[in-house]
$ cat protein.pdb   # PDB, C-alpha atoms
ATOM      1  CA  ASP A  17      -1.052  -2.221 -24.843
ATOM      2  CA  HIS A  18      -1.470  -5.135 -22.440
ATOM      3  CA  ALA A  19      -3.502  -2.952 -20.086
ATOM      4  CA  LYS A  20      -5.852  -2.061 -22.932
ATOM      5  CA  LEU A  21      -6.335  -5.736 -23.755
ATOM      6  CA  LEU A  22      -6.927  -6.603 -20.121
ATOM      7  CA  LYS A  23      -9.527  -3.853 -19.879
ATOM      8  CA  ARG A  24     -11.432  -5.470 -22.738
ATOM      9  CA  TRP A  25     -11.422  -8.901 -21.116
ATOM     10  CA  ALA A  26     -11.488  -8.304 -17.361
ATOM     11  CA  ASP A  27     -13.356  -6.148 -14.861
ATOM     12  CA  ARG A  28     -10.375  -6.132 -12.497
ATOM     13  CA  VAL A  29      -6.846  -7.503 -12.364
ATOM     14  CA  THR A  30      -4.775  -9.060  -9.612
ATOM     15  CA  VAL A  31      -1.050  -8.558 -10.023
ATOM     16  CA  LEU A  32       1.140 -11.423  -8.817
ATOM     17  CA  TYR A  33       4.906 -10.920  -8.924
ATOM     18  CA  ASP A  34       7.958 -12.172  -7.063
ATOM     19  CA  SER A  35       8.394 -11.015  -3.464
ATOM     20  CA  ASP A  36      11.857  -9.521  -4.109
ATOM     21  CA  ASP A  37      12.660  -5.848  -4.776
ATOM     22  CA  ALA A  38      12.365  -6.242  -8.542
ATOM     23  CA  GLY A  39       8.961  -7.919  -8.167
ATOM     24  CA  ARG A  40       7.714  -5.184  -5.856
ATOM     25  CA  LYS A  41       8.809  -2.481  -8.294
ATOM     26  CA  ALA A  42       7.200  -4.364 -11.180
ATOM     27  CA  ALA A  43       3.941  -4.672  -9.224
ATOM     28  CA  ASP A  44       3.936  -0.938  -8.547
ATOM     29  CA  ARG A  45       4.574  -0.161 -12.212
ATOM     30  CA  ALA A  46       1.895  -2.595 -13.372
ATOM     31  CA  VAL A  47      -0.706  -1.067 -11.064
ATOM     32  CA  ASP A  48       0.174   2.427 -12.290
ATOM     33  CA  VAL A  49      -0.211   1.340 -15.930
ATOM     34  CA  LEU A  50      -3.477  -0.455 -15.220
ATOM     35  CA  SER A  51      -4.849   2.508 -13.270
ATOM     36  CA  ALA A  52      -3.994   4.854 -16.133
ATOM     37  CA  GLU A  53      -6.174   2.668 -18.373
ATOM     38  CA  GLY A  54      -8.991   2.591 -15.827
ATOM     39  CA  VAL A  55      -8.486  -1.051 -14.846
ATOM     40  CA  PRO A  56      -9.014  -1.655 -11.113
ATOM     41  CA  ALA A  57      -6.124  -3.697  -9.752
ATOM     42  CA  LYS A  58      -5.048  -5.413  -6.566
ATOM     43  CA  ILE A  59      -1.703  -6.871  -5.606
ATOM     44  CA  ALA A  60      -1.295 -10.403  -4.279
ATOM     45  CA  LEU A  61       1.404 -10.727  -1.668
ATOM     46  CA  MET A  62       3.800 -13.606  -2.120
ATOM     47  CA  PRO A  63       5.386 -15.397   0.823
ATOM     48  CA  ALA A  64       8.957 -14.206   1.416
ATOM     49  CA  GLY A  65      11.382 -15.883  -0.967
ATOM     50  CA  ASP A  66       8.667 -17.237  -3.260
ATOM     51  CA  ASP A  67       7.751 -16.363  -6.786
ATOM     52  CA  PRO A  68       4.467 -17.402  -8.435
ATOM     53  CA  ASP A  69       6.027 -20.362 -10.247
ATOM     54  CA  THR A  70       7.784 -21.704  -7.146
ATOM     55  CA  LEU A  71       4.641 -21.276  -5.077
ATOM     56  CA  LEU A  72       2.631 -23.233  -7.636
ATOM     57  CA  ARG A  73       5.201 -26.036  -7.912
ATOM     58  CA  THR A  74       5.891 -26.413  -4.180
ATOM     59  CA  ARG A  75       2.510 -25.718  -2.595
ATOM     60  CA  GLY A  76       0.064 -26.160  -5.448
ATOM     61  CA  ALA A  77      -2.739 -24.217  -7.055
ATOM     62  CA  THR A  78      -4.529 -23.764  -3.728
ATOM     63  CA  ALA A  79      -1.639 -21.662  -2.380
ATOM     64  CA  VAL A  80      -1.683 -19.462  -5.481
ATOM     65  CA  ARG A  81      -5.463 -19.066  -5.176
ATOM     66  CA  GLU A  82      -5.072 -18.087  -1.506
ATOM     67  CA  ALA A  83      -2.491 -15.439  -2.464
ATOM     68  CA  VAL A  84      -4.845 -14.059  -5.106
ATOM     69  CA  ASP A  85      -7.867 -14.176  -2.771
ATOM     70  CA  GLY A  86      -5.861 -12.226  -0.183
ATOM     71  CA  ALA A  87      -4.836  -9.519  -2.650
ATOM     72  CA  ILE A  88      -4.844  -5.957  -1.345
ATOM     73  CA  SER A  89      -5.255  -2.508  -2.861
ATOM     74  CA  PRO A  90      -2.205  -0.649  -4.150
ATOM     75  CA  TYR A  91      -2.628   1.780  -1.237
ATOM     76  CA  GLU A  92      -2.577  -1.051   1.318
ATOM     77  CA  TYR A  93       0.368  -2.614  -0.504
ATOM     78  CA  ARG A  94       2.462   0.557  -0.324
ATOM     79  CA  LEU A  95       1.706   0.971   3.379
ATOM     80  CA  ALA A  96       2.583  -2.687   4.035
ATOM     81  CA  LEU A  97       5.920  -2.306   2.247
ATOM     82  CA  LEU A  98       6.684   0.876   4.147
ATOM     83  CA  GLU A  99       5.965  -0.839   7.467
ATOM     84  CA  ARG A 100       8.102  -3.785   6.466
ATOM     85  CA  ASP A 101      11.041  -1.582   5.490
ATOM     86  CA  HIS A 102      10.815   0.966   8.337
ATOM     87  CA  PRO A 103       9.460   0.425  11.844
ATOM     88  CA  PRO A 104       6.465   2.724  12.501
ATOM     89  CA  ALA A 105       8.200   4.448  15.433
ATOM     90  CA  THR A 106      10.938   5.917  13.191
ATOM     91  CA  GLU A 107      11.210   9.291  11.489
ATOM     92  CA  GLU A 108      11.940   7.521   8.169
ATOM     93  CA  PHE A 109       8.602   5.768   8.395
ATOM     94  CA  TRP A 110       6.649   8.953   9.126
ATOM     95  CA  ALA A 111       8.347  10.954   6.380
ATOM     96  CA  ALA A 112       6.822   8.575   3.828
ATOM     97  CA  ALA A 113       3.704   7.496   5.751
ATOM     98  CA  LEU A 114       2.192  10.977   5.855
ATOM     99  CA  ASP A 115       2.454  11.232   2.076
ATOM    100  CA  LEU A 116       0.815   7.820   1.695
ATOM    101  CA  LEU A 117      -1.929   8.624   4.189
ATOM    102  CA  ALA A 118      -2.698  11.777   2.206
ATOM    103  CA  GLN A 119      -3.374   9.504  -0.783
ATOM    104  CA  ALA A 120      -5.934   7.360   1.042
ATOM    105  CA  PRO A 121      -8.637   6.375  -1.434
ATOM    106  CA  SER A 122     -11.413   6.888   1.109
ATOM    107  CA  GLU A 123     -12.052   8.418   4.501
ATOM    108  CA  ILE A 124     -12.607   4.918   5.882
ATOM    109  CA  ASP A 125      -9.129   3.837   4.750
ATOM    110  CA  LEU A 126      -7.602   6.972   6.220
ATOM    111  CA  THR A 127      -9.367   6.578   9.561
ATOM    112  CA  ARG A 128      -8.436   2.908   9.856
ATOM    113  CA  HIS A 129      -4.747   3.591   9.296
ATOM    114  CA  VAL A 130      -4.600   6.769  11.377
ATOM    115  CA  ASP A 131      -6.168   4.908  14.302
ATOM    116  CA  ARG A 132      -3.758   2.002  13.876
ATOM    117  CA  LEU A 133      -0.604   4.092  13.432
ATOM    118  CA  ALA A 134      -1.237   6.990  15.860
ATOM    119  CA  PRO A 135       0.290   5.222  18.893
ATOM    120  CA  PHE A 136       3.614   5.080  17.031
ATOM    121  CA  LEU A 137       3.889   8.799  16.205
ATOM    122  CA  PRO A 138       7.250   9.881  17.692
ATOM    123  CA  GLY A 139       7.100  12.347  20.558
ATOM    124  CA  VAL A 140       3.356  12.071  21.171
ATOM    125  CA  ARG A 141       2.096   9.804  23.945
ATOM    126  CA  ASP A 142      -1.614  10.620  23.829
ATOM    127  CA  PRO A 143      -3.187   8.593  20.963
ATOM    128  CA  ARG A 144      -5.969  11.170  20.408
ATOM    129  CA  LYS A 145      -3.448  13.982  20.159
ATOM    130  CA  ALA A 146      -1.404  11.862  17.746
ATOM    131  CA  GLU A 147      -4.498  11.195  15.612
ATOM    132  CA  ARG A 148      -5.244  14.934  15.437
ATOM    133  CA  ALA A 149      -1.619  15.721  14.531
ATOM    134  CA  ILE A 150      -1.598  13.097  11.771
ATOM    135  CA  ARG A 151      -4.926  14.281  10.358
ATOM    136  CA  SER A 152      -3.744  17.874  10.406
ATOM    137  CA  GLU A 153      -0.616  16.971   8.462
ATOM    138  CA  VAL A 154      -2.595  14.832   6.002
ATOM    139  CA  THR A 155      -4.983  17.738   5.393
ATOM    140  CA  LYS A 156      -2.043  20.063   4.680
ATOM    141  CA  ARG A 157      -0.572  17.604   2.228
ATOM    142  CA  ARG A 158      -3.888  17.078   0.483
ATOM    143  CA  ARG A 159      -4.206  20.825   0.022
ATOM    144  CA  GLY A 160      -0.743  20.936  -1.502
ATOM    145  CA  GLY A 161       0.759  22.565   1.543
ATOM    146  CA  ARG A 162       4.392  22.304   2.404
ATOM    147  CA  LYS A 163       5.551  19.212   4.181
ATOM    148  CA  THR A 164       6.425  19.904   7.768
ATOM    149  CA  GLU A 165       8.469  18.047  10.292
ATOM    150  CA  ASN A 166       6.563  15.884  12.788
TER     151      ASN A 166
END
$ encode --input "protein.pdb" --output "structure tokens"
Amino acid sequence: DHAKLLKRWADRVTVLYDSDDAGRKAADRAVDVLSAEGVPAKIALMPAGDDPDTLLRTRGATAVREAVDGAISPYEYRLALLERDHPPATEEFWAAALDLLAQAPSEIDLTRHVDRLAPFLPGVRDPRKAERAIRSEVTKRRRGGRKTEN
């Protein structure tokens, strides 16, 4: 119901939650609900250990505005969390990263992240070969193909 109200009053929404696990899960849920209602949303990243209220009280409205101005897309947010939780050179990272890359909202987003992440693909030293391998796997996943090992 809140998403429907927001849609009536706003062209887009920036979600601002605590930086802990519960806040990250709440941000993900909020974006999913907003997206289902057709409300474009971004997620503002909070400094580690801060919540919106603490940030406002300790650093002022300017710090909150900076967090909101630096908000990122849900796609970027999920990739950032994945990179924070798993180093890009690990199998755990790539198991989830390929699924996320397959969900890239545009070819520009996909290219930017493939280019940035290719040097970390385990077992492949040539960045161009890594880029081709990642793109091949992303294409398979987009077509609904079976997930394969890297």
$ atom_distance --input "protein.pdb" --atom1 "CA of Asp44 (chain A)" --atom2 "CA of Met62 (chain A)"
14.2 Å
$ axis_aligned_box --input "protein.pdb" --around "region 106-122 of chain A" --padding-each-side "5 Å" --output "JSON"
{"center_x": 0.3, "center_y": 8.8, "center_z": 5.9, "size_x": 33.4, "size_y": 16.0, "size_z": 24.6}
$ closest_atom_pairs --input "protein.pdb" --of "region 28-144 of chain A" --to "region 17-21 of chain A" --cutoff "7 Å" --atoms "only C-alpha atoms" --output "CSV"
residue,atom,partner,partner_atom,distance
A:Val49,CA,A:Ala19,CA,6.8
A:Leu50,CA,A:Ala19,CA,5.5
A:Glu53,CA,A:Ala19,CA,6.5
$ residues_around --input "protein.pdb" --residues "region 111-116 of chain A" --least-positions-apart "5" --cutoff "8 Å" --atoms "all atoms listed in the file" --output "number ranges by chain"
A: 91, 94-95, 98, 150, 153-154, 157
$ write_last_selection --input "protein.pdb" --atoms "C-alpha atoms" --output "tab-separated table (two decimals), keeping the file's coordinate frame"
chain	number	residue	atom	x	y	z
A	91	TYR	CA	-2.63	1.78	-1.24
A	94	ARG	CA	2.46	0.56	-0.32
A	95	LEU	CA	1.71	0.97	3.38
A	98	LEU	CA	6.68	0.88	4.15
A	150	ILE	CA	-1.60	13.10	11.77
A	153	GLU	CA	-0.62	16.97	8.46
A	154	VAL	CA	-2.60	14.83	6.00
A	157	ARG	CA	-0.57	17.60	2.23
$ resolve_selection --input "protein.pdb" --expression "the PyMOL selection byres ((chain A and resi 104) around 12)" --output "list in words"
Leu95, Ala96, Leu97, Leu98, Glu99, Arg100, Asp101, His102, Pro103, Ala105, Thr106, Glu107, Glu108, Phe109, Trp110, Ala111, Ala112, Ala113, Leu114, His129, Val130, Arg132, Leu133, Ala134, Pro135, Phe136, Leu137 and Pro138 of chain A
$ residues_around --input "protein.pdb" --residues "Gly65 (chain A)" --least-positions-apart "2" --cutoff "12 Å" --atoms "all atoms listed in the file" --output "NGL selection string"
:A and (33-37 or 39 or 61-63 or 67-71)
$ closest_residue --input "protein.pdb" --among "A:Asp66, A:Asp142, A:Asp27, A:Asp125" --to "Ser89 (chain A)" --atoms "all atoms listed in the file"
A:Asp125
$ atom_distance --input "protein.pdb" --atom1 "CA of Ala52 (chain A)" --atom2 "CA of Thr30 (chain A)"
15.4 Å
$ atom_distance --input "protein.pdb" --atom1 "CA of Ser51 (chain A)" --atom2 "CA of Ser122 (chain A)"
16.4 Å
$ residues_around --input "protein.pdb" --residues "Val84 (chain A)" --least-positions-apart "3" --cutoff "6 Å" --atoms "all atoms listed in the file" --output "number ranges by chain"
A: 60, 81, 87
$ closest_residue --input "protein.pdb" --among "A:Lys145, A:Tyr93, A:Arg151, A:Gly139" --to "Glu123 (chain A)" --atoms "all atoms listed in the file"
A:Arg151
$ decode --input "protein.pdb" --residues "region 95-109 of chain A" --atoms "all heavy atoms" --output "CSV table (one decimal), in the first residue's frame"
chain,number,residue,atom,x,y,z
A,95,LEU,N,25.6,-6.0,-6.6
A,95,LEU,CA,27.0,-6.3,-6.9
A,95,LEU,C,27.9,-5.8,-5.9
A,95,LEU,O,28.9,-6.4,-5.5
A,95,LEU,CB,27.3,-5.7,-8.3
A,95,LEU,CG,26.9,-6.5,-9.5
A,95,LEU,CD1,27.2,-5.7,-10.8
A,95,LEU,CD2,27.7,-7.8,-9.6
A,96,ALA,N,27.6,-4.6,-5.3
A,96,ALA,CA,28.5,-4.0,-4.3
A,96,ALA,C,28.5,-4.9,-3.0
A,96,ALA,O,29.5,-5.1,-2.4
A,96,ALA,CB,28.1,-2.6,-4.0
A,97,LEU,N,27.3,-5.3,-2.7
A,97,LEU,CA,27.2,-6.2,-1.5
A,97,LEU,C,28.0,-7.5,-1.7
A,97,LEU,O,28.7,-8.0,-0.8
A,97,LEU,CB,25.8,-6.5,-1.1
A,97,LEU,CG,25.0,-5.4,-0.5
A,97,LEU,CD1,23.6,-5.8,-0.2
A,97,LEU,CD2,25.6,-4.8,0.7
A,98,LEU,N,27.8,-8.1,-2.9
A,98,LEU,CA,28.5,-9.3,-3.2
A,98,LEU,C,30.0,-9.1,-3.1
A,98,LEU,O,30.7,-10.0,-2.6
A,98,LEU,CB,28.1,-9.8,-4.6
A,98,LEU,CG,28.8,-11.1,-5.1
A,98,LEU,CD1,28.4,-12.3,-4.2
A,98,LEU,CD2,28.4,-11.4,-6.6
A,99,GLU,N,30.5,-8.1,-3.7
A,99,GLU,CA,32.0,-7.8,-3.6
A,99,GLU,C,32.4,-7.5,-2.2
A,99,GLU,O,33.6,-7.9,-1.9
A,99,GLU,CB,32.3,-6.6,-4.5
A,99,GLU,CG,32.2,-6.9,-6.0
A,99,GLU,CD,32.7,-5.8,-6.9
A,99,GLU,OE1,33.9,-5.4,-6.9
A,99,GLU,OE2,31.8,-5.2,-7.5
A,100,ARG,N,31.6,-7.0,-1.4
A,100,ARG,CA,32.0,-6.7,0.0
A,100,ARG,C,32.0,-8.0,0.8
A,100,ARG,O,32.9,-8.2,1.6
A,100,ARG,CB,31.0,-5.8,0.6
A,100,ARG,CG,31.5,-5.2,2.0
A,100,ARG,CD,30.5,-4.7,2.9
A,100,ARG,NE,29.8,-5.9,3.5
A,100,ARG,CZ,28.6,-5.9,3.8
A,100,ARG,NH1,27.8,-4.9,3.7
A,100,ARG,NH2,28.0,-7.0,4.3
A,101,ASP,N,31.1,-8.9,0.5
A,101,ASP,CA,31.0,-10.2,1.2
A,101,ASP,C,31.9,-11.3,0.7
A,101,ASP,O,32.3,-12.2,1.5
A,101,ASP,CB,29.6,-10.7,1.2
A,101,ASP,CG,28.6,-9.8,1.9
A,101,ASP,OD1,29.1,-9.0,2.8
A,101,ASP,OD2,27.4,-9.9,1.7
A,102,HIS,N,32.3,-11.2,-0.6
A,102,HIS,CA,33.2,-12.3,-1.2
A,102,HIS,C,34.2,-11.6,-2.1
A,102,HIS,O,33.8,-10.9,-3.0
A,102,HIS,CB,32.3,-13.3,-2.0
A,102,HIS,CG,31.3,-13.9,-1.2
A,102,HIS,ND1,31.6,-14.9,-0.3
A,102,HIS,CD2,29.9,-13.8,-1.2
A,102,HIS,CE1,30.4,-15.3,0.3
A,102,HIS,NE2,29.4,-14.6,-0.2
A,103,PRO,N,35.4,-11.8,-1.9
A,103,PRO,CA,36.5,-11.3,-2.8
A,103,PRO,C,36.2,-11.8,-4.2
A,103,PRO,O,35.9,-12.9,-4.4
A,103,PRO,CB,37.8,-11.8,-2.2
A,103,PRO,CG,37.5,-12.1,-0.8
A,103,PRO,CD,36.0,-12.6,-0.8
A,104,PRO,N,36.4,-10.9,-5.2
A,104,PRO,CA,36.1,-11.3,-6.6
A,104,PRO,C,37.0,-12.4,-7.2
A,104,PRO,O,36.6,-13.0,-8.2
A,104,PRO,CB,36.4,-10.0,-7.4
A,104,PRO,CG,36.2,-8.9,-6.4
A,104,PRO,CD,36.6,-9.4,-5.1
A,105,ALA,N,38.0,-12.8,-6.5
A,105,ALA,CA,38.9,-13.9,-7.0
A,105,ALA,C,38.4,-15.2,-6.5
A,105,ALA,O,39.0,-16.3,-6.8
A,105,ALA,CB,40.3,-13.7,-6.7
A,106,THR,N,37.3,-15.3,-5.8
A,106,THR,CA,36.8,-16.6,-5.2
A,106,THR,C,35.7,-17.2,-6.0
A,106,THR,O,34.9,-16.5,-6.7
A,106,THR,CB,36.3,-16.4,-3.8
A,106,THR,OG1,35.2,-15.5,-3.8
A,106,THR,CG2,37.4,-15.7,-2.9
A,107,GLU,N,35.6,-18.5,-5.9
A,107,GLU,CA,34.5,-19.3,-6.5
A,107,GLU,C,33.1,-18.8,-6.0
A,107,GLU,O,32.2,-18.8,-6.7
A,107,GLU,CB,34.7,-20.8,-6.3
A,107,GLU,CG,35.9,-21.3,-7.0
A,107,GLU,CD,35.8,-21.3,-8.5
A,107,GLU,OE1,34.7,-21.4,-9.1
A,107,GLU,OE2,36.9,-21.1,-9.2
A,108,GLU,N,33.0,-18.5,-4.7
A,108,GLU,CA,31.8,-18.1,-4.1
A,108,GLU,C,31.3,-16.8,-4.8
A,108,GLU,O,30.1,-16.7,-5.0
A,108,GLU,CB,31.9,-17.8,-2.6
A,108,GLU,CG,32.2,-19.1,-1.8
A,108,GLU,CD,33.7,-19.4,-1.8
A,108,GLU,OE1,34.6,-18.6,-2.2
A,108,GLU,OE2,34.0,-20.6,-1.3
A,109,PHE,N,32.2,-15.9,-5.0
A,109,PHE,CA,31.9,-14.7,-5.7
A,109,PHE,C,31.3,-15.0,-7.1
A,109,PHE,O,30.2,-14.5,-7.4
A,109,PHE,CB,33.1,-13.7,-5.8
A,109,PHE,CG,32.8,-12.5,-6.7
A,109,PHE,CD1,32.2,-11.4,-6.1
A,109,PHE,CD2,33.1,-12.5,-8.0
A,109,PHE,CE1,31.9,-10.3,-6.9
A,109,PHE,CE2,32.8,-11.4,-8.8
A,109,PHE,CZ,32.2,-10.3,-8.2
